[in-house]
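Next comes work-v2.cif, with mmCIF, C-alpha atoms.
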data_entry
loop_
_atom_site.group_PDB
_atom_site.id
_atom_site.type_symbol
_atom_site.label_atom_id
_atom_site.label_comp_id
_atom_site.auth_asym_id
_atom_site.auth_seq_id
_atom_site.Cartn_x
_atom_site.Cartn_y
_atom_site.Cartn_z
ATOM 1 C CA MET A 1 43.242 9.815 -23.564
ATOM 2 C CA THR A 2 42.713 6.309 -24.903
ATOM 3 C CA PRO A 3 41.574 3.472 -22.635
ATOM 4 C CA ALA A 4 45.026 1.876 -22.895
ATOM 5 C CA GLU A 5 46.701 5.104 -21.785
ATOM 6 C CA ALA A 6 44.258 5.463 -18.909
ATOM 7 C CA LEU A 7 44.913 1.876 -17.815
ATOM 8 C CA ALA A 8 48.684 2.413 -18.074
ATOM 9 C CA LEU A 9 48.332 5.494 -15.861
ATOM 10 C CA ALA A 10 46.300 3.457 -13.372
ATOM 11 C CA CYS A 11 49.055 0.817 -13.412
ATOM 12 C CA ARG A 12 51.669 3.454 -12.577
ATOM 13 C CA ARG A 13 49.515 4.663 -9.674
ATOM 14 C CA ALA A 14 48.992 1.098 -8.485
ATOM 15 C CA SER A 15 52.745 0.534 -8.693
ATOM 16 C CA LYS A 16 53.397 3.519 -6.437
ATOM 17 C CA SER A 17 50.654 2.430 -4.049
ATOM 18 C CA CYS A 18 52.023 -1.112 -3.821
ATOM 19 C CA ALA A 19 55.554 0.206 -3.275
ATOM 20 C CA ALA A 20 54.319 2.437 -0.454
ATOM 21 C CA SER A 21 52.409 -0.475 1.094
ATOM 22 C CA ALA A 22 55.510 -2.664 0.880
ATOM 23 C CA ALA A 23 57.610 0.001 2.579
ATOM 24 C CA GLY A 24 55.037 0.514 5.323
ATOM 25 C CA LEU A 25 54.707 -3.193 5.993
ATOM 26 C CA GLU A 26 58.492 -3.562 6.064
ATOM 27 C CA ILE A 27 58.746 -0.777 8.643
ATOM 28 C CA TRP A 28 56.073 -2.422 10.783
ATOM 29 C CA GLY A 29 57.815 -5.771 10.402
ATOM 30 C CA ARG A 30 61.090 -4.255 11.622
ATOM 31 C CA ARG A 31 59.308 -2.640 14.529
ATOM 32 C CA LEU A 32 57.671 -5.933 15.491
ATOM 33 C CA ARG A 33 61.008 -7.776 15.255
ATOM 34 C CA ARG A 34 62.567 -5.135 17.503
ATOM 35 C CA HIS A 35 59.652 -5.581 19.923
ATOM 36 C CA ARG A 36 60.243 -9.339 19.952
ATOM 37 C CA THR A 37 63.935 -8.812 20.734
ATOM 38 C CA VAL A 38 63.104 -6.414 23.569
ATOM 39 C CA CYS A 39 60.654 -8.951 25.007
ATOM 40 C CA TYR A 40 63.270 -11.718 24.940
ATOM 41 C CA PHE A 41 65.976 -9.606 26.550
ATOM 42 C CA ALA A 42 63.597 -8.084 29.106
ATOM 43 C CA THR A 43 62.584 -11.567 30.197
ATOM 44 C CA VAL A 44 66.212 -12.558 30.734
ATOM 45 C CA ALA A 45 67.048 -9.273 32.459
ATOM 46 C CA PHE A 46 64.107 -9.434 34.870
ATOM 47 C CA GLY A 47 64.844 -13.103 35.556
ATOM 48 C CA CYS A 48 68.448 -12.243 36.420
ATOM 49 C CA LEU A 49 67.362 -9.376 38.647
ATOM 50 C CA ALA A 50 64.859 -11.625 40.410
ATOM 51 C CA ILE A 51 67.535 -14.109 41.499
ATOM 52 C CA TRP A 52 70.300 -11.600 42.156
ATOM 53 C CA ASN A 53 71.536 -11.713 45.758
ATOM 54 C CA ILE A 54 71.523 -7.934 46.163
ATOM 55 C CA LEU A 55 67.733 -7.928 45.805
ATOM 56 C CA ASP A 56 67.407 -10.018 48.950
ATOM 57 C CA LEU A 57 67.243 -6.685 50.711
ATOM 58 C CA SER A 58 64.091 -5.835 48.772
ATOM 59 C CA GLN A 59 61.780 -8.797 48.409
ATOM 60 C CA ILE A 60 59.112 -6.627 46.812
ATOM 61 C CA LEU A 61 61.457 -5.658 43.972
ATOM 62 C CA ALA A 62 62.452 -9.307 43.526
ATOM 63 C CA ALA A 63 58.774 -10.314 43.379
ATOM 64 C CA VAL A 64 58.044 -7.638 40.773
ATOM 65 C CA CYS A 65 61.004 -8.789 38.647
ATOM 66 C CA THR A 66 59.860 -12.415 38.928
ATOM 67 C CA PHE A 67 56.338 -11.421 37.913
ATOM 68 C CA LEU A 68 57.588 -9.478 34.886
ATOM 69 C CA ALA A 69 59.964 -12.282 33.858
ATOM 70 C CA ALA A 70 57.039 -14.699 33.904
ATOM 71 C CA THR A 71 54.389 -12.537 32.241
ATOM 72 C CA ILE A 72 56.334 -10.916 29.384
ATOM 73 C CA PRO A 73 56.721 -14.177 27.401
ATOM 74 C CA LEU A 74 53.072 -15.037 28.029
ATOM 75 C CA ALA A 75 51.932 -11.645 26.790
ATOM 76 C CA TYR A 76 54.100 -11.960 23.679
ATOM 77 C CA ARG A 77 52.724 -15.410 22.891
ATOM 78 C CA ALA A 78 49.183 -14.165 23.472
ATOM 79 C CA THR A 79 49.649 -11.490 20.807
ATOM 80 C CA ASP A 80 50.855 -14.172 18.362
ATOM 81 C CA GLY A 81 53.787 -11.953 17.445
ATOM 82 C CA ASP A 82 55.833 -14.418 15.411
ATOM 83 C CA ARG A 83 52.942 -15.208 13.079
ATOM 84 C CA VAL A 84 52.222 -11.508 12.579
ATOM 85 C CA ILE A 85 55.888 -10.830 11.770
ATOM 86 C CA ASP A 86 55.880 -13.615 9.186
ATOM 87 C CA GLN A 87 52.634 -12.343 7.693
ATOM 88 C CA PHE A 88 53.908 -8.754 7.419
ATOM 89 C CA THR A 89 57.182 -9.934 5.871
ATOM 90 C CA ARG A 90 55.358 -12.075 3.315
ATOM 91 C CA ALA A 91 52.882 -9.296 2.480
ATOM 92 C CA SER A 92 55.690 -6.751 2.137
ATOM 93 C CA GLY A 93 57.471 -8.980 -0.358
ATOM 94 C CA GLU A 94 54.269 -9.587 -2.286
ATOM 95 C CA PHE A 95 53.501 -5.866 -2.487
ATOM 96 C CA ALA A 96 57.051 -5.131 -3.679
ATOM 97 C CA ASN A 97 56.619 -7.798 -6.350
ATOM 98 C CA LEU A 98 53.249 -6.351 -7.347
ATOM 99 C CA ALA A 99 54.726 -2.838 -7.597
ATOM 100 C CA GLU A 100 57.272 -4.128 -10.083
ATOM 101 C CA ARG A 101 54.652 -6.103 -12.000
ATOM 102 C CA PHE A 102 52.364 -3.052 -12.281
ATOM 103 C CA ARG A 103 55.304 -0.962 -13.502
ATOM 104 C CA LEU A 104 56.142 -3.586 -16.120
ATOM 105 C CA ALA A 105 52.491 -3.798 -17.142
ATOM 106 C CA ALA A 106 52.392 -0.036 -17.677
ATOM 107 C CA GLU A 107 55.601 -0.020 -19.697
ATOM 108 C CA VAL A 108 55.514 -3.330 -21.576
ATOM 109 C CA ASP A 109 52.053 -4.898 -21.497
ATOM 110 C CA SER A 110 50.419 -1.617 -22.506
ATOM 111 C CA ARG A 111 51.895 -2.106 -25.982
ATOM 112 C CA GLN A 112 49.903 -5.302 -26.497
ATOM 113 C CA SER A 113 46.293 -5.340 -27.552
ATOM 114 C CA PHE A 114 43.938 -3.679 -25.086
ATOM 115 C CA ALA A 115 42.191 -6.974 -24.240
ATOM 116 C CA GLU A 116 45.485 -8.699 -23.342
ATOM 117 C CA PHE A 117 46.657 -5.659 -21.407
ATOM 118 C CA LYS A 118 43.386 -5.476 -19.499
ATOM 119 C CA SER A 119 43.442 -9.175 -18.601
ATOM 120 C CA ALA A 120 47.035 -8.884 -17.332
ATOM 121 C CA VAL A 121 46.084 -5.898 -15.184
ATOM 122 C CA LEU A 122 42.995 -7.665 -13.846
ATOM 123 C CA GLN A 123 45.157 -10.608 -12.735
ATOM 124 C CA LEU A 124 47.456 -8.199 -10.914
ATOM 125 C CA LEU A 125 44.486 -6.489 -9.274
ATOM 126 C CA GLU A 126 43.192 -9.867 -8.077
ATOM 127 C CA ARG A 127 46.591 -10.615 -6.523
ATOM 128 C CA THR A 128 46.572 -7.200 -4.862
ATOM 129 C CA GLU A 129 43.130 -7.766 -3.378
ATOM 130 C CA LYS A 130 44.139 -11.220 -2.185
ATOM 131 C CA VAL A 131 47.117 -9.815 -0.253
ATOM 132 C CA ARG A 132 45.041 -6.999 1.221
ATOM 133 C CA LEU A 133 42.340 -9.442 2.265
ATOM 134 C CA GLU A 134 44.902 -11.751 3.896
ATOM 135 C CA ILE A 135 46.194 -8.922 6.034
ATOM 136 C CA GLY A 136 42.737 -7.560 6.812
ATOM 137 C CA ALA A 137 41.151 -10.970 7.364
ATOM 138 C CA SER A 138 43.711 -12.009 9.951
ATOM 139 C CA ARG A 139 43.215 -8.747 11.818
ATOM 140 C CA ALA A 140 39.422 -9.036 11.568
ATOM 141 C CA HIS A 141 39.558 -12.665 12.740
ATOM 142 C CA LYS A 142 41.758 -11.721 15.677
ATOM 143 C CA SER A 143 39.498 -8.833 16.765
ATOM 144 C CA ALA A 144 36.371 -10.984 16.325
ATOM 145 C CA LYS A 145 37.932 -13.680 18.475
ATOM 146 C CA LEU A 146 38.828 -11.111 21.117
ATOM 147 C CA SER A 147 35.369 -9.555 21.124
ATOM 148 C CA GLY A 148 33.825 -13.052 21.257
ATOM 149 C CA ASP A 149 36.008 -13.888 24.250
ATOM 150 C CA LEU A 150 34.952 -10.664 25.952
ATOM 151 C CA ARG A 151 31.254 -11.318 25.306
ATOM 152 C CA ALA A 152 31.381 -14.897 26.561
ATOM 153 C CA PRO A 153 29.522 -15.252 29.854
ATOM 154 C CA GLY A 154 31.905 -15.546 32.732
#
Translate this file's structure into structure tokens.
Amino acid sequence: MTPAEALALACRRASKSCAASAAGLEIWGRRLRRHRTVCYFATVAFGCLAIWNILDLSQILAAVCTFLAATIPLAYRATDGDRVIDQFTRASGEFANLAERFRLAAEVDSRQSFAEFKSAVLQLLERTEKVRLEIGASRAHKSAKLSGDLRAPG
């Protein structure tokens, strides 16, 4: 197998990997959007239950509904859900784009000289690493912030 053939095979594998990553991120993005919708509707539902006249018979249930109506939006904002949804959506699109670019590199760019083909693939690999680092860095930053908050003297 020539180096160009080996690199074209690696591009096909990278294309499949990027497509799988895009699909996984899209699924997580949908799940997070569904979670956001549930949080919004749960807040409204618990707020309505808290002020409903029938619950005057049970003040404990009304207090629990009021507590949940107040804490669900705070918990959602604390998890920074909207930013994470945007990040997953953007990363999913970028991975889908990279999957197509790797496929095109394997089919079209592989017919160019090996040096040009290699430089095109290296640019795509840099883009792939950048997207992976963006996703990983935000998660690492978030966990470091959380662990720093937990270690802070109280």
Self-check item: Residue neighbourhood range 7-16 of chain A, 10 Å, only C-alpha atoms, exclusion window fewer than 2 positions, as a VMD selection string
Solution: chain A and resid 1 to 5 18 to 22 95 to 111 114 117 to 118 121 124 to 125 128
Quiz prompt | Coordinates-based distance that separates CA of Glu94 in chain A from CA of Gly29 in chain A (Å, one decimal) | solution =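 Those two atoms sit 13.7 Å apart.
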Quiz item: At what distance in Å, to one decimal, does CA of Arg31 in chain A lie from CA of Thr79 in chain A?
Solution: 14.5 Å
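Taking all atoms listed in the file into account, Arg36 in chain A lies nearest to A:Ile72 out of the set A:Ala50, A:Ile135, A:Ala62, A:Ile72.
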Practice problem: With a distance cut-off of 7 Å and all atoms listed in the file, select the neighbouring residues of range 130-132 of chain A, excluding the residue or stretch itself and same-chain residues fewer than 4 positions from it, and output the selection as a list in words. | Solution: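 My list of contacting residues is Ala91, Glu126 and Gly136 of chain A.
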Using C-alpha atoms, can you export the residues from the last selection as a short mmCIF file (atom, residue, chain, number, x, y, z; two decimals), in the coordinates of the input?
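As written to disk, part.cif reads:
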data_model
loop_
_atom_site.label_atom_id
_atom_site.label_comp_id
_atom_site.auth_asym_id
_atom_site.auth_seq_id
_atom_site.Cartn_x
_atom_site.Cartn_y
_atom_site.Cartn_z
CA ALA A 91 52.88 -9.30 2.48
CA GLU A 126 43.19 -9.87 -8.08
CA GLY A 136 42.74 -7.56 6.81
#
Spatial neighbours of Leu32 in chain A, 10 Å, only C-alpha atoms, chain gap at least 6 places, as a PDB file with C-alpha atoms, in the frame of the given file:
ATOM      1  CA  GLU A  26      58.492  -3.562   6.064  1.00  0.00           C
ATOM      2  CA  VAL A  38      63.104  -6.414  23.569  1.00  0.00           C
ATOM      3  CA  GLY A  81      53.787 -11.953  17.445  1.00  0.00           C
ATOM      4  CA  ASP A  82      55.833 -14.418  15.411  1.00  0.00           C
ATOM      5  CA  VAL A  84      52.222 -11.508  12.579  1.00  0.00           C
ATOM      6  CA  ILE A  85      55.888 -10.830  11.770  1.00  0.00           C
ATOM      7  CA  PHE A  88      53.908  -8.754   7.419  1.00  0.00           C
TER       8      PHE A  88
END
Quiz item: With all atoms listed in the file as the atoms that count, which of A:Ser113, A:Gln59, A:Thr71, A:Ser17 lies nearest to Thr43 in chain A?
Solution: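 Closest candidate: A:Thr71.
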Quiz item: Quick one, how far is CA of Ala69 in chain A from CA of Leu49 in chain A?
Solution: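 These two atoms are separated by 9.3 Å.
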